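J.: Submitted below is the structure of interest, expressed as structure tokens.
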Amino acid sequence: MLRQSACGFGAVAVSALLARQQALAGAATARHHKATATSVIFLYMDGGVSQVDSFDPKPRLDQDAGKNPRDLFKVDSTQFNNVGNVLPSPWKFKPYGQSGIPVSDLFPHIGGMVDELAIVRSMTSEFPEHTNANYFLHTGSGLQGRPSMGAWTTYGLGSENDELPGFIVLNGGLIPPGGLDNFTNGFLPATYQGSVFKPNTVGLANVKPLEQSAAVQRAKLALARRLDEGFAGELANGAGSPDALESAIANQELAFRMQSAVPDLLDLSAETLRTKRAYGCEAEYPQTRIFATECLLARRMVERGVRFVELTCPSGNGDRWDQHANLRDGHRKNALTVDQPIAALIGDLKDRGLLDSTLLVWTGEFGRTPFAQGTDGRDHNPQAFSMWMAGGGVKGGTVTGATDDYGYRVVEKKFVIHDLHATILYLLGLDHTQLTYRFSGRDMRLTDVYGNPMREVIA
């Protein structure tokens, strides 16, 4: 069992504490079974993409367009309870690839990569509101303060690069509802919290040393280390738990190493013009350029051994994928932002031989209603939504699960977020029931007491 006690260590030498923390920060732990993925890129579609406008075509919506949905099926309460008529998709679907899977005209570039995708049309959430649904998606709990899946991943496997964080969030816009707690380490040591980078040449604050010479900076770091070690010795002799201090020491050391590694990571000058254009780094739409940079940096990060990379959507139109009105314009702009960069990322990883070892996960926190909110929007729908995975040992060119004729409720192979988390960990070689951490008197885990790997999507 991979488990780290949160209790005090008693009389333990300072050197042993530091060695242990270095191991936590940089050395991968043995997996439970053979892994097919070594890293994860989580493409987070903040706000909730409409499943019936993306990967779950429903001709019945055209047939019953304009009808009162309550005359056709049971309508549950929605976030705003402004229930309009049945709203067909403004976009057409057409089959792509050898698999012939239909994809909306919103995503022509991703459609071209459909043979790499394992599409799940039957994901569900327990929460109809963004903040709690975001916590649930990221941490397995609708409550604030639990460790995110990125933190759990690095806790279980460590990092393959001791000069970069194991868990990085690329954020080109606003932090999603729920804030930084979506990326928190929770009760895990602070070594595992997500580090938020901006997709630009700076990346994060204070990455450039302020000291006039490297010698001065090393002297300051050495002084801080000696002070921390002295305090750690007191804690180790029974004064309390050294976990937080150990993490602080490790993070200070990592921050020092990042000052040389991060500028090189963020320097895209070595990338060819062809590669940048493929991603959309020079696209006309500014939000495409931002997300293209995120995707290109994500590839560079997994090349360098970063374990878990999350990408958030730029907030160009102010409402993410959350179109309570003006569905056509909002979803069009968001798709224009992410479609080309994501397809290029898949193709680039494949060309470089990295797709087999990199798991891509594309999802929002919930779906949308098949009927209008008002006249031209869609309300939140946690009862059914579509997501997909690619690379990393999944079965490409497949569709799993089904919704009813309107895309409102799951009718076949219902999955929950715990199943998604169990699947991600399984592909990384981890048994979600064995990846635990002792906290508050019990062995905690990402999936709580729920979840099973989605065998249908595993190659």
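Every chain in the structure tokens has a letter given in the order shown (A, B, ...), and although residue numbers restart at 1 in each chain, ligands are simply numbered from 1 in the order shown.
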As a list of chain:residue names, please: every residue in range 273-374 of chain A that DSSP puts in strand (DSSP E).
T.: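 Restricting range 273-374 of chain A to strand (DSSP E) produces A:Phe308, A:Val309, A:Glu310, A:Leu311, A:Thr358, A:Leu359, A:Leu360, A:Val361, A:Trp362, A:Thr363, A:Gly367, A:Arg368, A:Phe371, A:Ala372, A:Gln373.
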J.: Can I get the selection written as a PDB file, in the first residue's frame, with N, CA and C atoms?
T.:
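This is the output file result17.pdb:
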ATOM      1  N   PHE A 308       1.930  15.749 -14.091  1.00  0.00           N
ATOM      2  CA  PHE A 308       0.516  16.103 -14.293  1.00  0.00           C
ATOM      3  C   PHE A 308       0.441  17.568 -14.704  1.00  0.00           C
ATOM      4  N   VAL A 309      -0.137  17.830 -15.875  1.00  0.00           N
ATOM      5  CA  VAL A 309      -0.287  19.193 -16.397  1.00  0.00           C
ATOM      6  C   VAL A 309      -1.769  19.454 -16.631  1.00  0.00           C
ATOM      7  N   GLU A 310      -2.296  20.505 -16.046  1.00  0.00           N
ATOM      8  CA  GLU A 310      -3.688  20.895 -16.296  1.00  0.00           C
ATOM      9  C   GLU A 310      -3.717  22.186 -17.088  1.00  0.00           C
ATOM     10  N   LEU A 311      -4.573  22.231 -18.109  1.00  0.00           N
ATOM     11  CA  LEU A 311      -4.763  23.423 -18.930  1.00  0.00           C
ATOM     12  C   LEU A 311      -6.162  23.961 -18.693  1.00  0.00           C
ATOM     13  N   THR A 358       1.476   9.330 -22.716  1.00  0.00           N
ATOM     14  CA  THR A 358       0.820  10.532 -22.198  1.00  0.00           C
ATOM     15  C   THR A 358      -0.689  10.363 -22.296  1.00  0.00           C
ATOM     16  N   LEU A 359      -1.361  10.468 -21.179  1.00  0.00           N
ATOM     17  CA  LEU A 359      -2.815  10.363 -21.145  1.00  0.00           C
ATOM     18  C   LEU A 359      -3.427  11.754 -21.223  1.00  0.00           C
ATOM     19  N   LEU A 360      -4.253  11.987 -22.242  1.00  0.00           N
ATOM     20  CA  LEU A 360      -4.993  13.239 -22.353  1.00  0.00           C
ATOM     21  C   LEU A 360      -6.421  13.010 -21.884  1.00  0.00           C
ATOM     22  N   VAL A 361      -6.908  13.929 -21.062  1.00  0.00           N
ATOM     23  CA  VAL A 361      -8.281  13.863 -20.547  1.00  0.00           C
ATOM     24  C   VAL A 361      -8.963  15.187 -20.862  1.00  0.00           C
ATOM     25  N   TRP A 362     -10.095  15.124 -21.556  1.00  0.00           N
ATOM     26  CA  TRP A 362     -10.844  16.320 -21.973  1.00  0.00           C
ATOM     27  C   TRP A 362     -12.226  16.258 -21.337  1.00  0.00           C
ATOM     28  N   THR A 363     -12.553  17.224 -20.510  1.00  0.00           N
ATOM     29  CA  THR A 363     -13.886  17.239 -19.906  1.00  0.00           C
ATOM     30  C   THR A 363     -14.147  18.577 -19.227  1.00  0.00           C
ATOM     31  N   GLY A 367     -22.619  18.767 -18.005  1.00  0.00           N
ATOM     32  CA  GLY A 367     -23.108  19.059 -19.347  1.00  0.00           C
ATOM     33  C   GLY A 367     -24.156  20.154 -19.348  1.00  0.00           C
ATOM     34  N   ARG A 368     -24.961  20.179 -20.407  1.00  0.00           N
ATOM     35  CA  ARG A 368     -25.989  21.204 -20.568  1.00  0.00           C
ATOM     36  C   ARG A 368     -27.331  20.545 -20.892  1.00  0.00           C
ATOM     37  N   PHE A 371     -32.911  21.320 -23.713  1.00  0.00           N
ATOM     38  CA  PHE A 371     -33.903  22.380 -23.923  1.00  0.00           C
ATOM     39  C   PHE A 371     -33.258  23.719 -23.586  1.00  0.00           C
ATOM     40  N   ALA A 372     -33.855  24.764 -24.061  1.00  0.00           N
ATOM     41  CA  ALA A 372     -33.266  26.090 -23.911  1.00  0.00           C
ATOM     42  C   ALA A 372     -33.435  26.619 -22.495  1.00  0.00           C
ATOM     43  N   GLN A 373     -32.475  27.415 -22.087  1.00  0.00           N
ATOM     44  CA  GLN A 373     -32.696  28.328 -20.978  1.00  0.00           C
ATOM     45  C   GLN A 373     -33.084  29.640 -21.636  1.00  0.00           C
TER      46      GLN A 373
END
J.: Please return, as a PyMOL selection string, all residues of range 179-231 of chain A that DSSP assigns to helix (DSSP H, G or I) on the basis of the backbone.
T.: chain A and resi 179-183+190-192+214-231
J.: Env of Arg300 in chain A: 9 Å cut, atoms = only C-alpha atoms, seq-sep filter 5 positions within chain, self excluded. Answer as a PyMOL selection string.
T.: chain A and resi 265-266+295+305-306
J.: Just to be explicit: take each residue in the selection above, keep N, CA and C atoms, and write the result as an mmCIF file, in the first residue's frame.
T.:
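Output file part_31.cif follows:
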data_model
loop_
_atom_site.group_PDB
_atom_site.id
_atom_site.type_symbol
_atom_site.label_atom_id
_atom_site.label_comp_id
_atom_site.auth_asym_id
_atom_site.auth_seq_id
_atom_site.Cartn_x
_atom_site.Cartn_y
_atom_site.Cartn_z
ATOM 1 N N LEU A 265 12.244 26.134 -20.259
ATOM 2 C CA LEU A 265 10.959 25.510 -20.563
ATOM 3 C C LEU A 265 10.053 26.445 -21.353
ATOM 4 N N LEU A 266 10.006 27.702 -20.956
ATOM 5 C CA LEU A 266 9.076 28.666 -21.555
ATOM 6 C C LEU A 266 9.604 29.292 -22.840
ATOM 7 N N CYS A 295 -0.976 24.509 -24.900
ATOM 8 C CA CYS A 295 -0.836 23.139 -25.405
ATOM 9 C C CYS A 295 0.611 22.832 -25.771
ATOM 10 N N GLY A 305 9.395 15.483 -18.181
ATOM 11 C CA GLY A 305 9.085 14.621 -17.048
ATOM 12 C C GLY A 305 8.094 15.171 -16.052
ATOM 13 N N VAL A 306 7.400 16.283 -16.367
ATOM 14 C CA VAL A 306 6.348 16.767 -15.469
ATOM 15 C C VAL A 306 5.232 15.723 -15.457
#
J.: Hey, which bits of range 86-181 of chain A sit within 10 Å of range 49-60 of chain A, and for each residue what's the closest pair of atoms and how far apart in Å (one decimal), counting only C-alpha atoms, rows by chain and increasing number, as JSON lines?
T.:
{"residue": "A:Val86", "atom": "CA", "partner": "A:Arg60", "partner_atom": "CA", "distance": 9.7}
{"residue": "A:Leu87", "atom": "CA", "partner": "A:Val52", "partner_atom": "CA", "distance": 9.9}
{"residue": "A:Pro88", "atom": "CA", "partner": "A:Pro59", "partner_atom": "CA", "distance": 8.0}
{"residue": "A:Ser89", "atom": "CA", "partner": "A:Asp53", "partner_atom": "CA", "distance": 5.5}
{"residue": "A:Pro90", "atom": "CA", "partner": "A:Asp53", "partner_atom": "CA", "distance": 7.5}
{"residue": "A:Trp91", "atom": "CA", "partner": "A:Asp53", "partner_atom": "CA", "distance": 6.6}
{"residue": "A:Lys92", "atom": "CA", "partner": "A:Asp53", "partner_atom": "CA", "distance": 8.4}
{"residue": "A:Phe93", "atom": "CA", "partner": "A:Pro57", "partner_atom": "CA", "distance": 6.7}
{"residue": "A:Lys94", "atom": "CA", "partner": "A:Pro57", "partner_atom": "CA", "distance": 9.3}
{"residue": "A:Ile101", "atom": "CA", "partner": "A:Phe55", "partner_atom": "CA", "distance": 8.8}
{"residue": "A:Pro102", "atom": "CA", "partner": "A:Phe55", "partner_atom": "CA", "distance": 7.0}
{"residue": "A:Val103", "atom": "CA", "partner": "A:Phe55", "partner_atom": "CA", "distance": 5.3}
{"residue": "A:Ser104", "atom": "CA", "partner": "A:Ser54", "partner_atom": "CA", "distance": 4.9}
{"residue": "A:Asp105", "atom": "CA", "partner": "A:Ser54", "partner_atom": "CA", "distance": 7.9}
{"residue": "A:Leu106", "atom": "CA", "partner": "A:Ser54", "partner_atom": "CA", "distance": 6.7}
{"residue": "A:Phe107", "atom": "CA", "partner": "A:Ser54", "partner_atom": "CA", "distance": 7.4}
{"residue": "A:Gly111", "atom": "CA", "partner": "A:Phe55", "partner_atom": "CA", "distance": 9.5}
{"residue": "A:Ile119", "atom": "CA", "partner": "A:Phe55", "partner_atom": "CA", "distance": 7.8}
{"residue": "A:Val120", "atom": "CA", "partner": "A:Phe55", "partner_atom": "CA", "distance": 8.9}
{"residue": "A:Arg121", "atom": "CA", "partner": "A:Asp56", "partner_atom": "CA", "distance": 6.5}
{"residue": "A:Ser122", "atom": "CA", "partner": "A:Asp56", "partner_atom": "CA", "distance": 9.7}
J.: With distances taken over only C-alpha atoms, which of A:Ile168, A:Val262, A:Leu180, A:Leu137 is nearest to Thr124 in chain A?
T.: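 With only C-alpha atoms as the atom set, the closest residue is A:Leu137.
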J.: Taking 5 positions as the minimum chain separation for residues in the same chain, which residues sit within 10 Å of Met454 in chain A when counting only C-alpha atoms? Answer as an NGL selection string.
T.: :A and (120 or 394 or 400 or 413 or 415-416 or 419-424 or 426)
J.: With distances taken over only C-alpha atoms, which residue among A:Ala30, A:Met389, A:Leu43, A:Cys281 lies nearest Glu365 in chain A?
T.: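 Selected residue with least distance to Glu365 in chain A: A:Leu43.
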J.: Closest to Leu164 in chain A among A:Pro286, A:Gly451, A:Pro263, A:Pro177, using only C-alpha atoms?
T.: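 Looking only at the distances to Leu164 in chain A, the closest residue turns out to be A:Pro263.
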J.: Kindly give the distance, in Å, that separates CA of Glu211 in chain A and CA of Arg226 in chain A, rounded to a single decimal.
T.: 19.5 Å
J.: Rank A:Ile249, A:Ile110, A:Leu268, A:Val457 by their smallest atom-to-atom distance to Gln340 in chain A, using only C-alpha atoms, and report the top residue only.
T.: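 Checking each of A:Ile249, A:Ile110, A:Leu268, A:Val457 against Gln340 in chain A, counting only C-alpha atoms, the winner is A:Ile110.
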J.: Could you pull the residues within 9 Å of Asp379 in chain A, counting only C-alpha atoms, minus those fewer than 3 positions along the same chain, as a list of chain:residue names?
T.: A:Thr78, A:Gln79, A:Phe80, A:Asn81, A:Asn82, A:Val83, A:Asp322, A:Gln323, A:His324, A:Ala325, A:Gly367, A:Arg368, A:Thr369, A:Pro370, A:Phe371, A:Ala372, A:Gln373
J.: CA of Arg438 in chain A and CA of Ala190 in chain A are how many Å apart?
T.: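 Computing the Euclidean distance for CA of Arg438 in chain A and CA of Ala190 in chain A yields 15.3 Å.
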